[in-house]
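Enquirer: Contents of model-v5.txt (compact mmCIF, C-alpha atoms and all ligand atoms) are below:
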# COMPACT_ATOMS: atom_id res chain seq x y z
CA MET A 1 21.55 146.22 108.16
CA MET A 2 19.57 144.28 105.55
CA SER A 3 20.88 146.19 102.66
CA PRO A 4 24.44 146.26 104.07
CA GLY A 5 23.95 142.56 104.68
CA GLY A 6 23.57 142.15 100.95
CA VAL A 7 26.79 144.09 100.50
CA VAL A 8 28.49 141.82 102.97
CA LEU A 9 27.22 138.85 101.01
CA THR A 10 28.55 140.33 97.80
CA ALA A 11 31.91 141.00 99.43
CA ALA A 12 32.00 137.48 100.79
CA CYS A 13 31.22 136.18 97.33
CA GLY A 14 34.00 138.34 96.00
CA VAL A 15 36.43 136.82 98.45
CA LEU A 16 35.24 133.34 97.62
CA PHE A 17 35.51 134.08 93.94
CA CYS A 18 39.09 135.31 94.35
CA THR A 19 40.06 132.29 96.42
CA SER A 20 38.54 129.82 94.02
CA ALA A 21 39.99 131.64 91.02
CA SER A 22 43.52 131.55 92.43
CA ALA A 23 43.02 127.93 93.49
CA GLY A 24 41.94 127.11 89.94
CA ARG A 25 44.99 128.28 88.08
CA LEU A 26 48.46 129.59 88.69
CA THR A 27 49.14 133.20 87.79
CA VAL A 28 52.43 134.92 87.01
CA HIS A 29 52.27 136.47 90.49
CA ASP A 30 52.71 133.02 92.03
CA PHE A 31 56.23 132.76 90.50
CA THR A 32 59.48 134.41 91.52
CA PHE A 33 62.94 134.29 89.98
CA GLU A 34 64.44 135.73 93.17
CA GLY A 35 65.67 133.71 96.16
CA PRO A 36 68.45 131.25 96.96
CA LEU A 37 67.86 129.57 93.60
CA GLY A 38 67.06 132.34 91.14
CA SER A 39 67.40 133.33 87.52
CA GLN A 40 68.51 136.89 86.94
CA GLY A 41 66.57 138.76 84.30
CA SER A 42 64.18 135.93 83.45
CA THR A 43 60.53 136.79 82.75
CA ILE A 44 57.31 134.79 82.65
CA GLU A 45 54.01 135.20 80.80
CA GLU A 46 50.81 133.17 80.86
CA VAL A 47 49.88 131.45 77.62
CA GLY A 48 47.10 129.16 78.88
CA GLU A 49 45.69 127.57 82.00
CA ASN A 50 48.73 126.61 84.16
CA HIS A 51 50.76 127.02 80.99
CA PHE A 52 53.48 129.68 80.89
CA ARG A 53 56.35 130.85 78.75
CA VAL A 54 59.67 131.81 80.35
CA SER A 55 62.30 133.89 78.58
CA LEU A 56 65.66 133.41 80.26
CA GLY A 57 67.88 136.33 81.22
CA HIS A 58 71.58 136.32 80.46
CA ALA A 59 74.87 136.15 82.35
CA PRO A 60 76.81 139.33 83.16
CA GLY A 61 78.94 140.32 80.20
CA HIS A 62 77.54 137.53 78.00
CA GLU A 63 74.31 138.42 76.22
CA ASP A 64 74.36 135.08 74.45
CA TRP A 65 74.80 133.00 77.63
CA ASN A 66 71.42 132.21 79.16
CA ASN A 67 70.99 132.05 82.87
CA LYS A 68 69.66 128.75 84.15
CA LEU A 69 65.99 128.08 84.69
CA GLN A 70 65.50 128.41 88.44
CA PHE A 71 62.41 129.75 90.20
CA THR A 72 60.02 129.27 93.08
CA ILE A 73 56.26 128.88 92.94
CA LEU A 74 55.41 130.70 96.15
CA ARG A 75 51.85 129.43 96.63
CA ASN A 76 48.89 127.67 95.18
CA ALA A 77 50.68 124.93 93.24
CA LYS A 78 48.96 121.89 94.77
CA GLY A 79 46.84 119.96 92.31
CA LYS A 80 48.16 121.86 89.27
CA ARG A 81 49.94 120.39 86.28
CA LEU A 82 52.33 123.10 85.18
CA VAL A 83 53.48 123.30 81.57
CA LEU A 84 56.45 125.59 80.98
CA ASP A 85 57.78 126.60 77.59
CA VAL A 86 61.29 127.94 78.04
CA VAL A 87 62.77 130.14 75.35
CA PHE A 88 66.53 130.08 74.75
CA GLU A 89 66.34 132.73 72.03
CA LYS A 90 69.58 134.35 73.05
CA GLY A 91 71.26 130.96 73.26
CA ARG A 92 73.93 129.59 71.03
CA PRO A 93 74.53 125.90 70.49
CA ARG A 94 76.23 123.70 73.04
CA TYR A 95 76.99 125.56 76.26
CA TYR A 96 74.22 128.04 76.11
CA THR A 97 71.08 126.02 75.50
CA LEU A 98 70.61 124.68 78.96
CA ASN A 99 68.18 121.90 78.11
CA GLU A 100 71.09 119.47 77.90
CA TYR A 101 70.72 118.88 81.67
CA ALA A 102 67.61 117.79 83.53
CA GLY A 103 66.21 120.10 86.15
CA SER A 104 64.85 119.22 89.56
CA PHE A 105 61.85 120.24 91.62
CA SER A 106 61.18 120.05 95.33
CA TYR A 107 58.57 120.97 97.92
CA ASP A 108 61.10 121.60 100.69
CA GLY A 109 64.30 122.64 98.87
CA SER A 110 66.03 119.50 100.07
CA ASN A 111 64.35 116.43 98.58
CA TRP A 112 64.60 116.82 94.80
CA GLN A 113 62.89 114.98 91.97
CA PRO A 114 64.20 115.17 88.40
CA ILE A 115 62.17 116.93 85.71
CA HIS A 116 63.15 116.18 82.12
CA TRP A 117 62.88 118.37 79.04
CA GLU A 118 60.50 117.29 76.32
CA VAL A 119 63.26 117.51 73.67
CA GLY A 120 66.41 117.78 75.80
CA GLY A 121 70.03 117.89 74.73
CA ASP A 122 69.29 119.33 71.31
CA ALA A 123 72.12 121.71 70.52
CA GLY A 124 70.06 123.56 67.91
CA CYS A 125 67.07 123.97 70.21
CA LYS A 126 65.68 127.46 70.68
CA GLN A 127 62.86 126.42 73.00
CA ASP A 128 61.94 123.42 75.08
CA THR A 129 59.13 122.41 77.40
CA LEU A 130 58.84 121.02 80.91
CA ARG A 131 55.60 119.19 81.80
CA PHE A 132 55.42 118.75 85.55
CA PRO A 133 53.39 116.00 87.21
CA GLU A 134 50.47 117.15 89.35
CA PHE A 135 51.99 119.06 92.26
CA THR A 136 51.34 117.67 95.75
CA GLY A 137 52.43 120.81 97.63
CA ASP A 138 51.65 124.51 97.32
CA THR A 139 55.26 125.75 97.32
CA VAL A 140 57.58 124.38 94.65
CA TYR A 141 61.28 125.03 94.12
CA VAL A 142 62.75 124.42 90.66
CA GLY A 143 66.47 124.34 89.96
CA HIS A 144 69.17 123.25 87.52
CA GLN A 145 70.70 119.73 87.74
CA VAL A 146 70.38 118.76 91.43
CA PRO A 147 70.71 122.30 92.70
CA MET A 148 72.75 123.54 95.62
CA SER A 149 72.14 127.10 96.80
CA TYR A 150 74.71 129.08 98.77
CA GLU A 151 72.34 128.79 101.75
CA ASP A 152 72.38 124.99 101.32
CA LEU A 153 76.18 125.08 101.41
CA VAL A 154 76.19 127.21 104.57
CA ARG A 155 73.89 124.65 106.25
CA LEU A 156 76.10 121.77 105.11
CA VAL A 157 79.22 123.54 106.37
CA GLU A 158 77.60 124.14 109.77
CA GLY A 159 76.86 120.41 109.98
CA TRP A 160 80.36 119.32 108.92
CA ARG A 161 81.97 121.86 111.25
CA ALA A 162 80.70 119.95 114.29
CA ASN A 163 83.06 117.09 113.44
CA PRO A 164 86.51 117.46 115.08
CA CYS A 165 88.14 116.26 111.82
CA VAL A 166 86.83 119.33 109.96
CA THR A 167 88.43 122.77 109.93
CA VAL A 168 86.45 125.44 108.09
CA HIS A 169 88.60 128.11 106.45
CA VAL A 170 86.91 131.22 105.07
CA VAL A 171 89.51 132.08 102.45
CA GLY A 172 87.77 135.27 101.33
CA GLN A 173 84.48 136.80 100.24
CA SER A 174 82.78 136.94 96.88
CA LEU A 175 82.07 140.30 95.25
CA GLU A 176 78.65 140.30 96.95
CA GLY A 177 80.18 139.38 100.31
CA ARG A 178 79.40 135.68 100.53
CA ASP A 179 82.00 133.45 102.19
CA ILE A 180 84.27 131.31 100.06
CA TYR A 181 84.91 128.20 102.14
CA ARG A 182 87.73 125.73 102.05
CA LEU A 183 87.06 122.72 104.22
CA GLU A 184 90.11 120.89 105.52
CA LEU A 185 89.56 117.31 106.65
CA THR A 186 92.09 115.28 108.58
CA ALA A 187 92.19 113.31 111.83
CA PRO A 188 93.59 115.59 114.58
CA ASP A 189 94.73 112.56 116.60
CA SER A 190 96.37 110.79 113.65
CA PRO A 191 99.50 108.77 114.54
CA TYR A 192 101.16 110.12 111.34
CA PRO A 193 102.82 113.55 111.26
CA PRO A 194 101.04 115.96 108.87
CA GLU A 195 104.01 116.03 106.46
CA LYS A 196 103.64 112.29 105.88
CA ARG A 197 99.95 112.46 104.97
CA TRP A 198 98.74 112.47 101.36
CA VAL A 199 97.06 115.76 100.48
CA HIS A 200 94.21 116.14 97.99
CA TYR A 201 92.59 119.37 96.85
CA PHE A 202 89.13 119.50 95.26
CA ALA A 203 87.42 122.60 93.88
CA ASN A 204 84.38 123.42 91.75
CA GLN A 205 84.81 126.24 89.24
CA HIS A 206 81.59 126.43 87.20
CA PRO A 207 78.92 127.43 89.70
CA GLY A 208 75.95 125.94 87.82
CA GLU A 209 77.50 122.47 87.69
CA HIS A 210 75.77 121.49 90.89
CA ASN A 211 76.05 117.73 90.40
CA SER A 212 79.79 118.11 90.89
CA GLN A 213 79.15 119.98 94.16
CA TRP A 214 77.02 117.10 95.47
CA ARG A 215 79.84 114.75 94.35
CA MET A 216 82.13 116.69 96.70
CA ALA A 217 79.53 116.59 99.49
CA GLY A 218 79.48 112.80 99.06
CA ALA A 219 83.27 112.64 99.28
CA ILE A 220 83.20 114.70 102.50
CA ASP A 221 80.45 112.56 104.05
CA TRP A 222 82.38 109.39 103.16
CA LEU A 223 85.56 110.74 104.80
CA LEU A 224 83.58 111.54 107.96
CA SER A 225 81.99 108.08 108.07
CA GLU A 226 83.46 105.12 109.94
CA THR A 227 84.86 103.76 106.64
CA GLY A 228 86.70 107.01 105.91
CA ARG A 229 88.44 107.11 109.28
CA ASP A 230 91.63 105.35 108.10
CA CYS A 231 91.93 107.74 105.14
CA LEU A 232 91.53 110.76 107.44
CA GLU A 233 94.48 109.54 109.52
CA ARG A 234 96.68 109.17 106.44
CA SER A 235 95.52 112.19 104.45
CA ILE A 236 94.53 115.81 104.44
CA CYS A 237 91.68 116.64 102.06
CA HIS A 238 90.67 120.16 101.05
CA PHE A 239 87.34 121.06 99.45
CA VAL A 240 86.24 124.32 97.85
CA VAL A 241 82.65 123.29 97.13
CA MET A 242 81.57 126.67 95.72
CA MET A 243 84.19 129.02 94.28
CA SER A 244 81.54 131.41 92.88
CA PRO A 245 78.92 131.60 95.64
CA ASP A 246 77.04 134.60 94.19
CA ALA A 247 75.87 132.47 91.27
CA PRO A 248 73.07 130.19 92.55
CA SER A 249 70.73 133.07 93.34
CA LYS A 250 71.27 134.48 89.83
CA GLY A 251 71.25 131.26 87.83
CA TRP A 252 74.73 131.95 86.44
CA TYR A 253 76.02 128.78 84.87
CA ARG A 254 79.71 129.50 84.28
CA VAL A 255 80.49 132.98 85.53
CA ASN A 256 81.09 135.21 88.53
CA GLY A 257 79.65 138.71 88.90
CA GLN A 258 82.33 140.16 86.62
CA GLY A 259 81.32 137.80 83.83
CA PHE A 260 84.50 135.70 83.95
CA ASP A 261 84.08 132.12 82.83
CA MET A 262 85.29 130.62 86.10
CA ASN A 263 87.17 127.75 84.47
CA ARG A 264 89.14 130.17 82.28
CA THR A 265 90.49 132.03 85.27
CA TYR A 266 93.65 130.20 86.30
CA VAL A 267 97.00 131.99 86.00
CA PRO A 268 99.77 129.36 85.82
CA GLY A 269 102.37 132.09 86.37
CA GLY A 270 100.84 132.87 89.78
CA ALA A 271 97.67 134.44 91.22
CA ASP A 272 97.24 137.97 89.89
CA LYS A 273 94.97 140.30 91.84
CA ASP A 274 94.68 142.89 89.09
CA ASN A 275 93.93 140.66 86.13
CA GLN A 276 92.12 137.67 87.58
CA ALA A 277 88.47 137.04 88.39
CA HIS A 278 87.92 138.15 91.99
CA GLU A 279 86.93 134.78 93.45
CA ALA A 280 89.43 132.84 91.31
CA TYR A 281 92.25 135.03 92.61
CA ILE A 282 91.18 134.29 96.19
CA ALA A 283 91.06 130.54 95.53
CA GLN A 284 94.34 130.35 93.59
CA ARG A 285 96.18 132.46 96.16
CA ASP A 286 94.88 130.12 98.86
CA LEU A 287 95.99 127.06 96.87
CA GLU A 288 99.42 128.62 96.40
CA GLY A 289 99.61 129.03 100.17
CA LEU A 290 98.88 125.32 100.59
CA MET A 291 101.51 124.41 97.98
CA ALA A 292 104.10 126.49 99.84
CA SER A 293 103.21 124.85 103.19
CA ALA A 294 104.72 121.76 104.82
CA THR A 295 101.72 119.77 103.51
CA PRO A 296 101.38 120.62 99.80
CA PRO A 297 98.62 118.88 97.79
CA THR A 298 99.65 115.80 95.84
CA THR A 299 96.55 116.03 93.62
CA ALA A 300 94.23 118.81 92.44
CA TRP A 301 90.73 117.87 91.29
CA SER A 302 88.76 120.30 89.14
CA MET A 303 85.13 119.31 89.68
CA HIS A 304 82.65 119.80 86.82
CA THR A 305 79.55 118.42 85.17
CA TRP A 306 79.10 117.52 81.53
CA GLY A 307 76.98 114.85 79.84
CA GLY A 308 76.92 111.17 80.74
CA ALA A 309 78.24 109.46 83.86
CA VAL A 310 81.06 110.89 86.00
CA ASP A 311 84.00 111.29 83.62
CA PRO A 312 87.44 111.72 85.23
CA ARG A 313 90.32 112.79 82.95
CA ILE A 314 93.75 112.68 84.51
CA ILE A 315 97.10 114.41 83.99
CA PRO A 316 99.30 112.13 86.12
CA GLY A 317 101.93 113.59 88.42
CA PRO A 318 105.25 112.04 89.46
CA GLU A 319 103.85 109.82 92.26
CA MET A 320 101.69 107.84 89.83
CA GLY A 321 103.34 104.49 89.06
CA ASP A 322 106.08 105.33 91.53
CA ALA A 323 105.09 106.08 95.12
CA VAL A 324 101.58 104.79 94.36
CA GLY A 325 100.09 102.60 91.62
CA SER A 326 99.83 103.84 88.04
CA TRP A 327 96.93 105.99 86.94
CA GLU A 328 95.64 103.00 84.97
CA GLU A 329 95.41 101.13 88.26
CA LEU A 330 93.37 103.98 89.71
CA ALA A 331 91.11 103.77 86.64
CA ALA A 332 90.69 100.01 87.16
CA ARG A 333 89.97 100.55 90.84
CA ILE A 334 87.16 103.00 90.08
CA LYS A 335 85.67 100.50 87.63
CA ARG A 336 85.74 97.74 90.26
CA ASN A 337 84.12 99.93 92.93
CA ASP A 338 81.31 101.21 90.73
CA PRO A 339 78.64 98.48 90.56
CA ASN A 340 75.91 100.85 89.33
CA GLY A 341 77.84 102.44 86.47
CA LEU A 342 78.03 105.96 87.91
CA PHE A 343 81.46 106.44 86.23
CA GLN A 344 82.89 106.34 82.75
CA GLU A 345 86.35 104.85 82.48
CA MET A 346 89.05 107.27 83.61
CA GLN A 347 91.09 108.57 80.69
CA ARG A 348 94.38 110.35 80.36
CA TRP A 349 93.97 114.07 79.62
CA PRO A 350 96.50 115.97 77.52
CA CYS A 351 98.14 118.94 79.21
CA LYS A 352 98.23 121.69 76.61
CA GLU A 353 100.04 124.83 77.58
CA GLU A 354 97.54 127.05 75.75
CA LYS A 355 94.87 125.72 78.11
CA GLY A 356 96.76 126.83 81.19
CA ASN A 357 93.92 129.20 82.13
CA GLN A 358 91.81 126.15 82.97
CA TRP A 359 92.21 124.83 86.48
CA THR A 360 93.19 121.27 85.49
CA GLU A 361 95.96 122.25 83.12
CA GLY A 362 96.87 125.33 85.17
CA THR A 363 97.48 123.50 88.45
CA HIS A 364 99.58 120.89 86.66
CA LEU A 365 101.60 123.50 84.76
CA GLN A 366 102.20 125.58 87.89
CA PHE A 367 103.01 122.80 90.35
CA GLY A 368 103.66 119.61 88.32
CA ILE A 369 101.16 117.69 90.46
CA THR A 370 98.52 115.17 89.45
CA SER A 371 95.57 117.17 88.12
CA VAL A 372 92.18 115.73 87.30
CA LEU A 373 89.35 117.19 85.30
CA CYS A 374 86.47 115.37 86.95
CA GLU A 375 83.59 115.92 84.53
CA GLY A 376 80.31 114.18 83.76
CA ALA A 377 77.27 113.27 85.87
CA GLY A 378 74.90 115.16 83.59
CA ALA A 379 73.14 111.80 83.26
CA ILE A 380 72.87 111.42 87.05
CA TYR A 381 69.49 112.72 88.14
CA THR A 382 69.35 112.36 91.92
CA LYS A 383 71.20 113.87 94.85
CA GLN A 384 71.80 110.38 96.25
CA ASP A 385 73.52 109.09 93.10
CA ASN A 386 75.73 112.19 92.96
CA VAL A 387 76.60 111.79 96.63
CA ASP A 388 77.29 108.07 96.05
CA SER A 389 79.63 108.90 93.15
CA GLY A 390 81.62 111.16 95.48
CA ALA A 391 81.87 108.40 98.08
CA ILE A 392 83.14 105.96 95.44
CA LEU A 393 85.67 108.47 94.14
CA MET A 394 87.00 109.27 97.60
CA GLN A 395 87.22 105.60 98.55
CA CYS A 396 89.20 104.84 95.38
CA ILE A 397 91.57 107.75 96.04
CA ALA A 398 91.99 106.54 99.64
CA GLU A 399 92.85 103.01 98.47
CA HIS A 400 95.11 104.15 95.64
CA TYR A 401 97.10 106.44 97.93
CA ALA A 402 97.80 103.59 100.34
CA GLY A 403 99.73 104.12 103.57
CA VAL A 404 101.49 107.45 103.88
CA LYS A 405 103.99 109.39 101.76
CA PRO A 406 107.36 107.63 101.40
ZN ZN A 501 82.59 123.04 84.00
Could you spell out this file's structure in structure tokens?
Ligand SMILES: [Zn+2]

Expert:
Amino acid sequence: MMSPGGVVLTAACGVLFCTSASAGRLTVHDFTFEGPLGSQGSTIEEVGENHFRVSLGHAPGHEDWNNKLQFTILRNAKGKRLVLDVVFEKGRPRYYTLNEYAGSFSYDGSNWQPIHWEVGGDAGCKQDTLRFPEFTGDTVYVGHQVPMSYEDLVRLVEGWRANPCVTVHVVGQSLEGRDIYRLELTAPDSPYPPEKRWVHYFANQHPGEHNSQWRMAGAIDWLLSETGRDCLERSICHFVVMMSPDAPSKGWYRVNGQGFDMNRTYVPGGADKDNQAHEAYIAQRDLEGLMASATPPTTAWSMHTWGGAVDPRIIPGPEMGDAVGSWEELAARIKRNDPNGLFQEMQRWPCKEEKGNQWTEGTHLQFGITSVLCEGAGAIYTKQDNVDSGAILMQCIAEHYAGVKP
């Protein structure tokens, strides 16, 4: 066994060598673009020690629309300082170079830290770089804005569902069979009949605008807190947190699986199964059902993310300045309740008929109700601040829509 012993020693050395080699540097095999937060069609190559280049894939039907940078380091990240060059070669200015928003990284998929681009926000940029701090865990999740996967949403919904004030409606399934949820929040033991309660409808259209989804999660959590109790007695609030739930695992920023830009999918003449994006048809048909019910929404909020602080733009409906204060009073109220500057000042938004395929204009054109394009929060970098912005927004809506309907 002496000679075999030597072989054993060699083999052991081999194992040690492999272990120490993989501990020394990350390899492309440590990365995956699959999973709850993915990036369809993206590829990675090594260009140096713990230094890689990623070429982003593109959205269905849009070769010039990059998918978002989302991936998981499956193992072996601890102690490494990853440098990632990300190529937007297929990108066009503005929407399609995705370095205008910070990313986030996490060791548990729940607690996120921002990671900023070296250049960032440069519309002409064809490539940008992320330099991560030394990792303190072996598994690392990286996502766009403060990401929310479909699996995250399912977990959130299961938590909210336990509250008797929450009814979870599955209004349909995405093309890949994921549930499209509408959460309905109201106090079941309210002293006010449902027809007297104010009704607000919130929905996110662009699936990659995750900060707006956390804004909605914050609004829901506020309603379910002690402070939100009074509002839940006087109102019914609906939330479609994720209209395009197939997107997070693919890194699609604006589209569904058919390649429809999800905020160019509204049909003001009425939901149209044959000509509308699959998930948008389901959501609009559901909204039309609510509008035809005894408790139709008074407001429709289209929840998005663009640069800067939260940026609400309003098309006021008939109750503004009549049954409730003017929209300018709502704007002033948000300003007063926002000590940390999470919001820009609410502005009036023009309702142009040619933009009726967008959910803000479309809902106003179809129903004549108050419609709000609630943009911004690209400059908000943490889950907590996004959640806080949703709490502020919901509190201001609750105060503005005082009492019950006349
Ligand atoms: Zn958007």

Enquirer: Nearest to ligand ZN 501 (chain A): which of A:Gly289, A:Pro207, A:Gly269, A:Gly325 is it, counting all atoms listed in the file?

Expert: A:Pro207

Enquirer: Counting only C-alpha atoms and all ligand atoms, name the residues that have an atom within 9 Å of an atom of ligand ZN 501 (chain A); the answer should be given as number ranges by chain.

Expert: A: 204-209, 212, 253-254, 262-263, 302-306, 375

Enquirer: So how many Å separate atom CA of Ala323 of chain A and atom CA of Gly403 of chain A, to one decimal?

Expert: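 Spanning atom CA of Ala323 of chain A to atom CA of Gly403 of chain A is a straight-line distance of 10.2 Å.
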
Enquirer: Nearest to Leu98 of chain A: which of A:Leu26, A:Trp112, A:Arg81, A:Val119 is it, counting all atoms listed in the file?

Expert: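 The answer is A:Val119, which sits nearest to Leu98 of chain A.
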
Enquirer: How many Å separate atom CA of Phe239 of chain A from atom CA of Asp322 of chain A?

Expert: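 So the two atoms, atom CA of Phe239 of chain A and atom CA of Asp322 of chain A, lie 25.7 Å apart.
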
Enquirer: Could you tell me which of A:Pro191, A:Gly362, A:Pro339, A:Pro318 comes closest to Tyr266 of chain A if we count only C-alpha atoms?

Expert: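 Looking at the shortest contact to Tyr266 of chain A, the residue is A:Gly362.
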
Enquirer: Could you name the residues that touch Leu223 of chain A at 12 Å or less, counting only C-alpha atoms, but leaving out those on the same chain fewer than 2 positions away, as a CSV table (one decimal) with C-alpha atoms, in the frame of the given file?

Expert:
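Below is the file that was written, part-v3.csv:
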chain,number,residue,atom,x,y,z
A,160,TRP,CA,80.4,119.3,108.9
A,163,ASN,CA,83.1,117.1,113.4
A,165,CYS,CA,88.1,116.3,111.8
A,166,VAL,CA,86.8,119.3,110.0
A,184,GLU,CA,90.1,120.9,105.5
A,185,LEU,CA,89.6,117.3,106.6
A,186,THR,CA,92.1,115.3,108.6
A,187,ALA,CA,92.2,113.3,111.8
A,216,MET,CA,82.1,116.7,96.7
A,217,ALA,CA,79.5,116.6,99.5
A,218,GLY,CA,79.5,112.8,99.1
A,219,ALA,CA,83.3,112.6,99.3
A,220,ILE,CA,83.2,114.7,102.5
A,221,ASP,CA,80.4,112.6,104.0
A,225,SER,CA,82.0,108.1,108.1
A,226,GLU,CA,83.5,105.1,109.9
A,227,THR,CA,84.9,103.8,106.6
A,228,GLY,CA,86.7,107.0,105.9
A,229,ARG,CA,88.4,107.1,109.3
A,230,ASP,CA,91.6,105.4,108.1
A,231,CYS,CA,91.9,107.7,105.1
A,232,LEU,CA,91.5,110.8,107.4
A,233,GLU,CA,94.5,109.5,109.5
A,234,ARG,CA,96.7,109.2,106.4
A,235,SER,CA,95.5,112.2,104.4
A,236,ILE,CA,94.5,115.8,104.4
A,237,CYS,CA,91.7,116.6,102.1
A,238,HIS,CA,90.7,120.2,101.0
A,239,PHE,CA,87.3,121.1,99.4
A,390,GLY,CA,81.6,111.2,95.5
A,391,ALA,CA,81.9,108.4,98.1
A,392,ILE,CA,83.1,106.0,95.4
A,393,LEU,CA,85.7,108.5,94.1
A,394,MET,CA,87.0,109.3,97.6
A,395,GLN,CA,87.2,105.6,98.6
A,396,CYS,CA,89.2,104.8,95.4
A,397,ILE,CA,91.6,107.8,96.0
A,398,ALA,CA,92.0,106.5,99.6

Enquirer: Enter the distance from atom CA of Pro406 of chain A to atom CA of Arg333 of chain A, in Å, rounded to one decimal.

Expert: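 One can read the atom CA of Pro406 of chain A to atom CA of Arg333 of chain A distance as 21.5 Å.
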
Enquirer: Would you mind listing what lies within 12 Å of segment 171-183 of chain A as a count of residues only, with all atoms listed in the file counted and same-chain residues fewer than 6 positions away left out?

Expert: 55

Enquirer: Smallest atom-to-atom distance to Asp338 of chain A: which of A:Ser389, A:Asn76, A:Thr265, A:Ser106, using only C-alpha atoms?

Expert: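 Using only C-alpha atoms, Asp338 of chain A sits closest to A:Ser389.
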
Enquirer: Identify, on the basis of all atoms listed in the file, every residue whose closest approach to Gln113 of chain A does not exceed 9 Å; exclude the query and any residue fewer than 3 positions from it along the same chain; express the result as an mmCIF file with C-alpha atoms, in the frame of the given file.

Expert:
data_model
loop_
_atom_site.group_PDB
_atom_site.id
_atom_site.type_symbol
_atom_site.label_atom_id
_atom_site.label_comp_id
_atom_site.auth_asym_id
_atom_site.auth_seq_id
_atom_site.Cartn_x
_atom_site.Cartn_y
_atom_site.Cartn_z
ATOM 1 C CA GLY A 103 66.210 120.100 86.150
ATOM 2 C CA SER A 104 64.850 119.220 89.560
ATOM 3 C CA PHE A 105 61.850 120.240 91.620
ATOM 4 C CA SER A 106 61.180 120.050 95.330
ATOM 5 C CA VAL A 146 70.380 118.760 91.430
ATOM 6 C CA TYR A 381 69.490 112.720 88.140
ATOM 7 C CA THR A 382 69.350 112.360 91.920
ATOM 8 C CA LYS A 383 71.200 113.870 94.850
#
